[in-house]
Every structure is written in structure tokens, then in C-alpha cells.
>>> print(open('entry28.cif').read())   # mmCIF, C-alpha atoms; chains and numbers go by the auth columns
data_coords
#
loop_
_atom_site.group_PDB
_atom_site.id
_atom_site.type_symbol
_atom_site.label_atom_id
_atom_site.label_comp_id
_atom_site.label_asym_id
_atom_site.label_seq_id
_atom_site.Cartn_x
_atom_site.Cartn_y
_atom_site.Cartn_z
_atom_site.B_iso_or_equiv
_atom_site.auth_seq_id
_atom_site.auth_asym_id
ATOM 1 C CA MET A 1 91.473 110.610 110.289 0.00 1 A
ATOM 2 C CA VAL A 2 93.777 108.979 112.841 0.00 2 A
ATOM 3 C CA ILE A 3 91.083 106.466 113.803 0.00 3 A
ATOM 4 C CA PRO A 4 90.617 105.002 110.273 0.00 4 A
ATOM 5 C CA ALA A 5 94.407 104.949 109.865 0.00 5 A
ATOM 6 C CA ILE A 6 94.813 103.011 113.120 0.00 6 A
ATOM 7 C CA GLY A 7 92.139 100.532 112.058 0.00 7 A
ATOM 8 C CA SER A 8 93.785 100.004 108.678 0.00 8 A
ATOM 9 C CA GLN A 9 97.194 99.634 110.269 0.00 9 A
ATOM 10 C CA TYR A 10 95.885 97.064 112.715 0.00 10 A
ATOM 11 C CA LEU A 11 94.553 94.957 109.843 0.00 11 A
ATOM 12 C CA LEU A 12 97.676 95.279 107.715 0.00 12 A
ATOM 13 C CA ASN A 13 100.265 94.925 110.493 0.00 13 A
ATOM 14 C CA HIS A 14 99.842 91.161 110.363 0.00 14 A
ATOM 15 C CA PHE A 15 102.081 91.088 107.277 0.00 15 A
ATOM 16 C CA SER A 16 105.528 89.720 108.053 0.00 16 A
ATOM 17 C CA ASN A 17 107.165 91.659 105.213 0.00 17 A
ATOM 18 C CA LYS A 18 108.540 94.873 106.789 0.00 18 A
ATOM 19 C CA PHE A 19 108.786 96.609 103.417 0.00 19 A
ATOM 20 C CA ILE A 20 105.075 96.112 102.740 0.00 20 A
ATOM 21 C CA VAL A 21 104.228 97.337 106.230 0.00 21 A
ATOM 22 C CA CYS A 22 106.440 100.434 105.801 0.00 22 A
ATOM 23 C CA LEU A 23 105.111 101.247 102.356 0.00 23 A
ATOM 24 C CA ILE A 24 101.435 100.343 102.461 0.00 24 A
ATOM 25 C CA VAL A 25 100.506 100.526 106.111 0.00 25 A
ATOM 26 C CA ALA A 26 102.466 103.327 107.659 0.00 26 A
ATOM 27 C CA ALA A 27 103.224 105.411 104.594 0.00 27 A
ATOM 28 C CA LEU A 28 100.378 105.250 102.079 0.00 28 A
ATOM 29 C CA ILE A 29 97.527 104.948 104.581 0.00 29 A
ATOM 30 C CA GLU A 30 98.880 107.741 106.789 0.00 30 A
ATOM 31 C CA GLU A 31 99.464 110.076 103.826 0.00 31 A
ATOM 32 C CA MET A 32 95.940 109.388 102.581 0.00 32 A
ATOM 33 C CA ALA A 33 94.560 110.026 106.078 0.00 33 A
ATOM 34 C CA LYS A 34 96.314 113.401 106.292 0.00 34 A
ATOM 35 C CA TYR A 35 94.998 114.314 102.850 0.00 35 A
ATOM 36 C CA GLY A 36 91.501 113.280 103.963 0.00 36 A
ATOM 37 C CA ALA A 37 91.740 115.454 107.075 0.00 37 A
ATOM 38 C CA ALA A 38 92.719 118.517 105.048 0.00 38 A
ATOM 39 C CA PHE A 39 90.225 117.728 102.281 0.00 39 A
ATOM 40 C CA TRP A 40 87.233 117.403 104.607 0.00 40 A
ATOM 41 C CA GLY A 41 88.396 119.952 107.140 0.00 41 A
ATOM 42 C CA ALA A 42 89.738 122.835 105.078 0.00 42 A
ATOM 43 C CA PHE A 43 89.631 122.487 101.306 0.00 43 A
ATOM 44 C CA HIS A 44 86.019 123.669 101.111 0.00 44 A
ATOM 45 C CA LEU A 45 86.636 126.827 103.162 0.00 45 A
ATOM 46 C CA PRO A 46 86.377 130.230 101.461 0.00 46 A
ATOM 47 C CA GLU A 47 89.715 131.144 103.088 0.00 47 A
ATOM 48 C CA LEU A 48 91.401 128.715 100.701 0.00 48 A
ATOM 49 C CA ASP A 49 92.039 131.339 98.053 0.00 49 A
ATOM 50 C CA GLU A 50 95.785 131.072 97.376 0.00 50 A
ATOM 51 C CA PRO A 51 97.954 128.101 96.350 0.00 51 A
ATOM 52 C CA ILE A 52 100.151 128.495 99.432 0.00 52 A
ATOM 53 C CA ASP A 53 97.091 127.926 101.659 0.00 53 A
ATOM 54 C CA VAL A 54 96.955 124.301 100.519 0.00 54 A
ATOM 55 C CA MET A 55 100.484 123.655 101.771 0.00 55 A
ATOM 56 C CA ILE A 56 99.669 125.320 105.085 0.00 56 A
ATOM 57 C CA TYR A 57 96.509 123.232 105.560 0.00 57 A
ATOM 58 C CA MET A 58 98.373 120.033 104.659 0.00 58 A
ATOM 59 C CA ILE A 59 101.214 120.852 107.071 0.00 59 A
ATOM 60 C CA THR A 60 98.624 121.501 109.782 0.00 60 A
ATOM 61 C CA ALA A 61 96.996 118.127 109.064 0.00 61 A
ATOM 62 C CA GLY A 62 100.440 116.502 109.233 0.00 62 A
ATOM 63 C CA LEU A 63 101.219 118.116 112.578 0.00 63 A
ATOM 64 C CA GLY A 64 97.868 117.043 114.011 0.00 64 A
ATOM 65 C CA PHE A 65 98.388 113.499 112.798 0.00 65 A
ATOM 66 C CA ALA A 66 101.937 113.405 114.231 0.00 66 A
ATOM 67 C CA ALA A 67 100.733 114.700 117.593 0.00 67 A
ATOM 68 C CA MET A 68 98.114 111.976 117.841 0.00 68 A
ATOM 69 C CA GLU A 69 100.501 109.284 116.603 0.00 69 A
ATOM 70 C CA ASN A 70 103.184 110.304 119.104 0.00 70 A
ATOM 71 C CA LEU A 71 100.623 110.262 121.908 0.00 71 A
ATOM 72 C CA LEU A 72 99.502 106.766 120.917 0.00 72 A
ATOM 73 C CA VAL A 73 103.118 105.554 120.760 0.00 73 A
ATOM 74 C CA LEU A 74 103.728 106.928 124.261 0.00 74 A
ATOM 75 C CA VAL A 75 100.626 105.226 125.610 0.00 75 A
ATOM 76 C CA ASN A 76 101.738 101.877 124.135 0.00 76 A
ATOM 77 C CA LEU A 77 105.332 102.027 125.373 0.00 77 A
ATOM 78 C CA ASN A 78 106.260 100.112 128.464 0.00 78 A
ATOM 79 C CA ILE A 79 109.339 100.698 130.597 0.00 79 A
ATOM 80 C CA ALA A 80 111.257 97.770 129.098 0.00 80 A
ATOM 81 C CA THR A 81 110.618 98.958 125.561 0.00 81 A
ATOM 82 C CA LEU A 82 111.654 102.504 126.386 0.00 82 A
ATOM 83 C CA HIS A 83 114.830 101.332 128.082 0.00 83 A
ATOM 84 C CA LEU A 84 115.844 98.965 125.260 0.00 84 A
ATOM 85 C CA MET A 85 114.984 101.313 122.428 0.00 85 A
ATOM 86 C CA ALA A 86 115.704 104.709 123.993 0.00 86 A
ATOM 87 C CA GLY A 87 117.802 105.928 121.065 0.00 87 A
ATOM 88 C CA ALA A 88 115.323 104.839 118.419 0.00 88 A
ATOM 89 C CA THR A 89 112.387 106.171 120.415 0.00 89 A
ATOM 90 C CA LEU A 90 113.996 109.554 120.996 0.00 90 A
ATOM 91 C CA MET A 91 115.022 109.851 117.352 0.00 91 A
ATOM 92 C CA ARG A 92 111.523 108.867 116.265 0.00 92 A
ATOM 93 C CA PHE A 93 109.887 111.564 118.376 0.00 93 A
ATOM 94 C CA LEU A 94 112.346 114.176 117.177 0.00 94 A
ATOM 95 C CA THR A 95 111.998 113.329 113.494 0.00 95 A
ATOM 96 C CA ALA A 96 108.522 111.792 113.000 0.00 96 A
ATOM 97 C CA THR A 97 106.745 115.085 113.590 0.00 97 A
ATOM 98 C CA PHE A 98 108.879 116.771 110.957 0.00 98 A
ATOM 99 C CA ILE A 99 108.379 113.953 108.450 0.00 99 A
ATOM 100 C CA HIS A 100 104.603 114.111 108.848 0.00 100 A
ATOM 101 C CA ALA A 101 104.519 117.888 108.455 0.00 101 A
ATOM 102 C CA LEU A 102 107.064 118.107 105.655 0.00 102 A
ATOM 103 C CA SER A 103 105.763 115.228 103.541 0.00 103 A
ATOM 104 C CA SER A 104 102.252 116.667 103.886 0.00 104 A
ATOM 105 C CA GLY A 105 103.534 120.088 102.878 0.00 105 A
ATOM 106 C CA LEU A 106 105.125 118.648 99.772 0.00 106 A
ATOM 107 C CA MET A 107 101.896 116.834 98.929 0.00 107 A
ATOM 108 C CA GLY A 108 100.077 120.146 99.462 0.00 108 A
ATOM 109 C CA TYR A 109 102.314 121.723 96.830 0.00 109 A
ATOM 110 C CA PHE A 110 101.037 119.276 94.228 0.00 110 A
ATOM 111 C CA ILE A 111 97.437 119.457 95.451 0.00 111 A
ATOM 112 C CA SER A 112 97.519 123.224 94.941 0.00 112 A
ATOM 113 C CA PHE A 113 98.068 122.588 91.220 0.00 113 A
ATOM 114 C CA LYS A 114 94.974 120.407 91.166 0.00 114 A
ATOM 115 C CA ILE A 115 92.888 123.051 92.910 0.00 115 A
ATOM 116 C CA PHE A 116 94.181 126.181 91.198 0.00 116 A
ATOM 117 C CA LYS A 117 95.432 124.881 87.820 0.00 117 A
ATOM 118 C CA LYS A 118 92.934 122.013 87.389 0.00 118 A
ATOM 119 C CA LYS A 119 95.709 119.427 86.970 0.00 119 A
ATOM 120 C CA LYS A 120 93.953 116.417 88.479 0.00 120 A
ATOM 121 C CA TYR A 121 96.838 113.972 88.215 0.00 121 A
ATOM 122 C CA PHE A 122 99.045 116.192 90.394 0.00 122 A
ATOM 123 C CA VAL A 123 97.283 114.869 93.514 0.00 123 A
ATOM 124 C CA TRP A 124 98.591 111.407 92.625 0.00 124 A
ATOM 125 C CA ILE A 125 102.108 112.722 92.047 0.00 125 A
ATOM 126 C CA GLY A 126 102.028 114.406 95.455 0.00 126 A
ATOM 127 C CA LEU A 127 100.678 111.269 97.128 0.00 127 A
ATOM 128 C CA ILE A 128 103.351 109.082 95.525 0.00 128 A
ATOM 129 C CA ILE A 129 106.178 111.445 96.515 0.00 129 A
ATOM 130 C CA ALA A 130 104.897 111.887 100.084 0.00 130 A
ATOM 131 C CA THR A 131 104.433 108.118 100.436 0.00 131 A
ATOM 132 C CA ALA A 132 107.946 107.409 99.132 0.00 132 A
ATOM 133 C CA ILE A 133 109.482 109.902 101.583 0.00 133 A
ATOM 134 C CA HIS A 134 107.424 108.510 104.438 0.00 134 A
ATOM 135 C CA ALA A 135 108.303 104.900 103.508 0.00 135 A
ATOM 136 C CA ALA A 136 112.034 105.728 103.353 0.00 136 A
ATOM 137 C CA TYR A 137 111.796 107.285 106.782 0.00 137 A
ATOM 138 C CA ASN A 138 109.897 104.277 108.170 0.00 138 A
ATOM 139 C CA LEU A 139 112.423 101.856 106.708 0.00 139 A
ATOM 140 C CA SER A 140 115.225 103.767 108.444 0.00 140 A
ATOM 141 C CA ILE A 141 113.297 103.504 111.739 0.00 141 A
ATOM 142 C CA PHE A 142 112.965 99.739 111.250 0.00 142 A
ATOM 143 C CA GLY A 143 116.687 99.543 110.480 0.00 143 A
ATOM 144 C CA LEU A 144 117.485 101.464 113.643 0.00 144 A
ATOM 145 C CA SER A 145 115.242 99.425 115.899 0.00 145 A
ATOM 146 C CA SER A 146 116.288 96.081 114.406 0.00 146 A
ATOM 147 C CA GLN A 147 119.429 96.195 116.587 0.00 147 A
ATOM 148 C CA MET A 148 121.739 95.428 113.685 0.00 148 A
ATOM 149 C CA ASP A 149 124.838 97.467 114.411 0.00 149 A
ATOM 150 C CA ASN A 150 125.900 97.593 110.758 0.00 150 A
ATOM 151 C CA TYR A 151 122.711 99.378 109.797 0.00 151 A
ATOM 152 C CA ALA A 152 122.320 101.609 112.855 0.00 152 A
ATOM 153 C CA TYR A 153 124.738 104.248 111.522 0.00 153 A
ATOM 154 C CA LEU A 154 122.965 104.295 108.161 0.00 154 A
ATOM 155 C CA ALA A 155 119.570 104.490 109.863 0.00 155 A
ATOM 156 C CA TYR A 156 120.629 107.429 112.074 0.00 156 A
ATOM 157 C CA THR A 157 122.062 109.176 109.021 0.00 157 A
ATOM 158 C CA LEU A 158 118.844 108.683 107.068 0.00 158 A
ATOM 159 C CA LEU A 159 116.770 109.899 110.001 0.00 159 A
ATOM 160 C CA LEU A 160 118.660 113.176 109.832 0.00 160 A
ATOM 161 C CA ILE A 161 119.053 113.527 106.060 0.00 161 A
ATOM 162 C CA ILE A 162 115.477 112.724 105.027 0.00 162 A
ATOM 163 C CA PRO A 163 113.773 115.499 107.065 0.00 163 A
ATOM 164 C CA LEU A 164 116.483 117.997 106.099 0.00 164 A
ATOM 165 C CA GLY A 165 116.098 117.181 102.402 0.00 165 A
ATOM 166 C CA VAL A 166 112.315 117.387 102.536 0.00 166 A
ATOM 167 C CA ALA A 167 112.510 120.693 104.448 0.00 167 A
ATOM 168 C CA ILE A 168 114.611 122.133 101.625 0.00 168 A
ATOM 169 C CA LEU A 169 112.073 120.878 99.071 0.00 169 A
ATOM 170 C CA ASP A 170 109.235 122.456 101.073 0.00 170 A
ATOM 171 C CA ILE A 171 111.055 125.798 101.187 0.00 171 A
ATOM 172 C CA ILE A 172 111.509 125.684 97.407 0.00 172 A
ATOM 173 C CA ALA A 173 107.846 124.702 96.957 0.00 173 A
ATOM 174 C CA PHE A 174 106.679 127.609 99.163 0.00 174 A
ATOM 175 C CA ALA A 175 108.836 130.024 97.173 0.00 175 A
ATOM 176 C CA HIS A 176 107.461 128.675 93.884 0.00 176 A
ATOM 177 C CA LEU A 177 103.837 128.994 95.015 0.00 177 A
ATOM 178 C CA LYS A 178 104.399 132.570 96.239 0.00 178 A
ATOM 179 C CA LYS A 179 105.198 133.569 92.659 0.00 179 A
#
>>> encode(input="entry28.cif", output="C-alpha cells")
Amino acid sequence: MVIPAIGSQYLLNHFSNKFIVCLIVAALIEEMAKYGAAFWGAFHLPELDEPIDVMIYMITAGLGFAAMENLLVLVNLNIATLHLMAGATLMRFLTATFIHALSSGLMGYFISFKIFKKKKYFVWIGLIIATAIHAAYNLSIFGLSSQMDNYAYLAYTLLLIIPLGVAILDIIAFAHLKK
């Protein structure tokens, strides 16, 4: 699912509005791609017999997507970019993997209600929440890499708070599904 996401991002990255790019391109398309990977790769398996399995499969899809995305970012970096944006790049690698896994896990929580409780609209709730988390993270990355000193502190703070907050939500979601 990384390949269709890259193609979509290439087409949509020509927008000059950073908010649209963060929301539509990098957030919505990537969250849909991770859902597609889990849907086609695992949701039909007979091993999917408990609600918690959905979260695990979604987290796995998120980790796979993050691994491929990080590899592609590394391949596209040049020495000048790495030197100029070392802080943003390091922070991105440390936090992007968690955001992909955690936002996918939270989406998996809502998808489990669709699968096991037949609540179809819950998939959309999960997609909206995961996209909003992902977009907030992406906006903080843009703020950090924009080299505006006033926003750098806020961006670093958000890069730490967002994954921590989503991790807490995932822990609560796991506990709720175990019941």
C-alpha cells in the first residue's frame, strides 16, 4: 500500500497550501493505505477472532508503512539536507514510527467495533481520528522544519506530546477491548 500512497502524494504535493498537504496527502491517504494493507492482508484471516486482533493488525500495518516511509526518506536525503535539518530529521525518525503505529492502533480500535459489533460507521470515526492525529503531527513537523524560531519550541513540544497522548489512548483502547 506504500506504492499507491506515494503515487497519490506525488500528485497532491503540487498544492502550495501546507495545511491541505498535511491533511489530505500525508494524513488521510496514508491512513487509508494502512487500513487497506490490514484489510487485504489480515482482516479475512480465520485468526482474526478477537477484537484486540484488529488493533494488532493495524499497528503492524502502521509499523510496516513507517519502515518503508523512513527508508524512502533516507534514500531521498542528501548531505546538505541532513546537515541543515538534522534536528527535524532526527525527531521525525524517532516519532514518525510511533505516530504511524499508534494512530493505526487507534483506528483498529474503532474498526473492531465494525467487525465484531456490526457498527459500520465506526470505521469512519476511526479514520477521522487517525487522520486528525496524523495531520497534527505533520503540521508540527512542517513548523519545525520551516526554520521559524518562534514555532520550533511549539513544534518540538507537539512532537513529544502527540505520540505520548496517542499511546495513552491506545493503552486505554486495548484495555477496553480485552473486556
>>> closest_residue(input="entry28.cif", among="A:Met107, A:Asn17, A:Pro51, A:Ser8", to="Tyr35 (chain A)", atoms="only C-alpha atoms")
A:Met107
>>> residues_around(input="entry28.cif", residues="Leu48 (chain A)", least_positions_apart="6", cutoff="9 Å", atoms="only C-alpha atoms", output="PyMOL selection string")
chain A and resi 42+54+57
>>> closest_residue(input="entry28.cif", among="A:Met1, A:Ile56, A:Leu159, A:Leu28", to="Phe93 (chain A)", atoms="only C-alpha atoms")
A:Leu159
>>> closest_residue(input="entry28.cif", among="A:Lys34, A:His44, A:His100, A:His14", to="Ala61 (chain A)", atoms="only C-alpha atoms")
A:Lys34
>>> resolve_selection(input="entry28.cif", expression="the PyMOL selection byres ((chain A and resi 133-137) around 7)", output="PDB file with C-alpha atoms, in the frame of the given file")
ATOM      1  CA  CYS A  22     106.440 100.434 105.801  1.00  0.00           C
ATOM      2  CA  LEU A  23     105.111 101.247 102.356  1.00  0.00           C
ATOM      3  CA  ALA A  27     103.224 105.411 104.594  1.00  0.00           C
ATOM      4  CA  ILE A  99     108.379 113.953 108.450  1.00  0.00           C
ATOM      5  CA  SER A 103     105.763 115.228 103.541  1.00  0.00           C
ATOM      6  CA  ILE A 129     106.178 111.445  96.515  1.00  0.00           C
ATOM      7  CA  ALA A 130     104.897 111.887 100.084  1.00  0.00           C
ATOM      8  CA  THR A 131     104.433 108.118 100.436  1.00  0.00           C
ATOM      9  CA  ALA A 132     107.946 107.409  99.132  1.00  0.00           C
ATOM     10  CA  ASN A 138     109.897 104.277 108.170  1.00  0.00           C
ATOM     11  CA  LEU A 139     112.423 101.856 106.708  1.00  0.00           C
ATOM     12  CA  SER A 140     115.225 103.767 108.444  1.00  0.00           C
ATOM     13  CA  ILE A 141     113.297 103.504 111.739  1.00  0.00           C
ATOM     14  CA  LEU A 159     116.770 109.899 110.001  1.00  0.00           C
ATOM     15  CA  ILE A 162     115.477 112.724 105.027  1.00  0.00           C
TER      16      ILE A 162
END
>>> resolve_selection(input="entry28.cif", expression="the PyMOL selection byres ((chain A and resi 163) around 8)", output="list in words")
Thr95, Phe98, Ile99, Leu102, Leu159, Leu160, Ile161, Ile162, Leu164, Gly165, Val166 and Ala167 of chain A
>>> write_last_selection(input="entry28.cif", atoms="C-alpha atoms", output="CSV table (one decimal), in the frame of the given file")
chain,number,residue,atom,x,y,z
A,95,THR,CA,112.0,113.3,113.5
A,98,PHE,CA,108.9,116.8,111.0
A,99,ILE,CA,108.4,114.0,108.4
A,102,LEU,CA,107.1,118.1,105.7
A,159,LEU,CA,116.8,109.9,110.0
A,160,LEU,CA,118.7,113.2,109.8
A,161,ILE,CA,119.1,113.5,106.1
A,162,ILE,CA,115.5,112.7,105.0
A,164,LEU,CA,116.5,118.0,106.1
A,165,GLY,CA,116.1,117.2,102.4
A,166,VAL,CA,112.3,117.4,102.5
A,167,ALA,CA,112.5,120.7,104.4
>>> atom_distance(input="entry28.cif", atom1="CA of Leu63 (chain A)", atom2="CA of Gly126 (chain A)")
17.5 Å
>>> closest_residue(input="entry28.cif", among="A:Met58, A:Leu71, A:Leu106, A:Val123", to="Ile168 (chain A)", atoms="all atoms listed in the file")
A:Leu106
>>> closest_residue(input="entry28.cif", among="A:Ile172, A:Ala101, A:Ala66, A:Ile52", to="Ile115 (chain A)", atoms="only C-alpha atoms")
A:Ile52
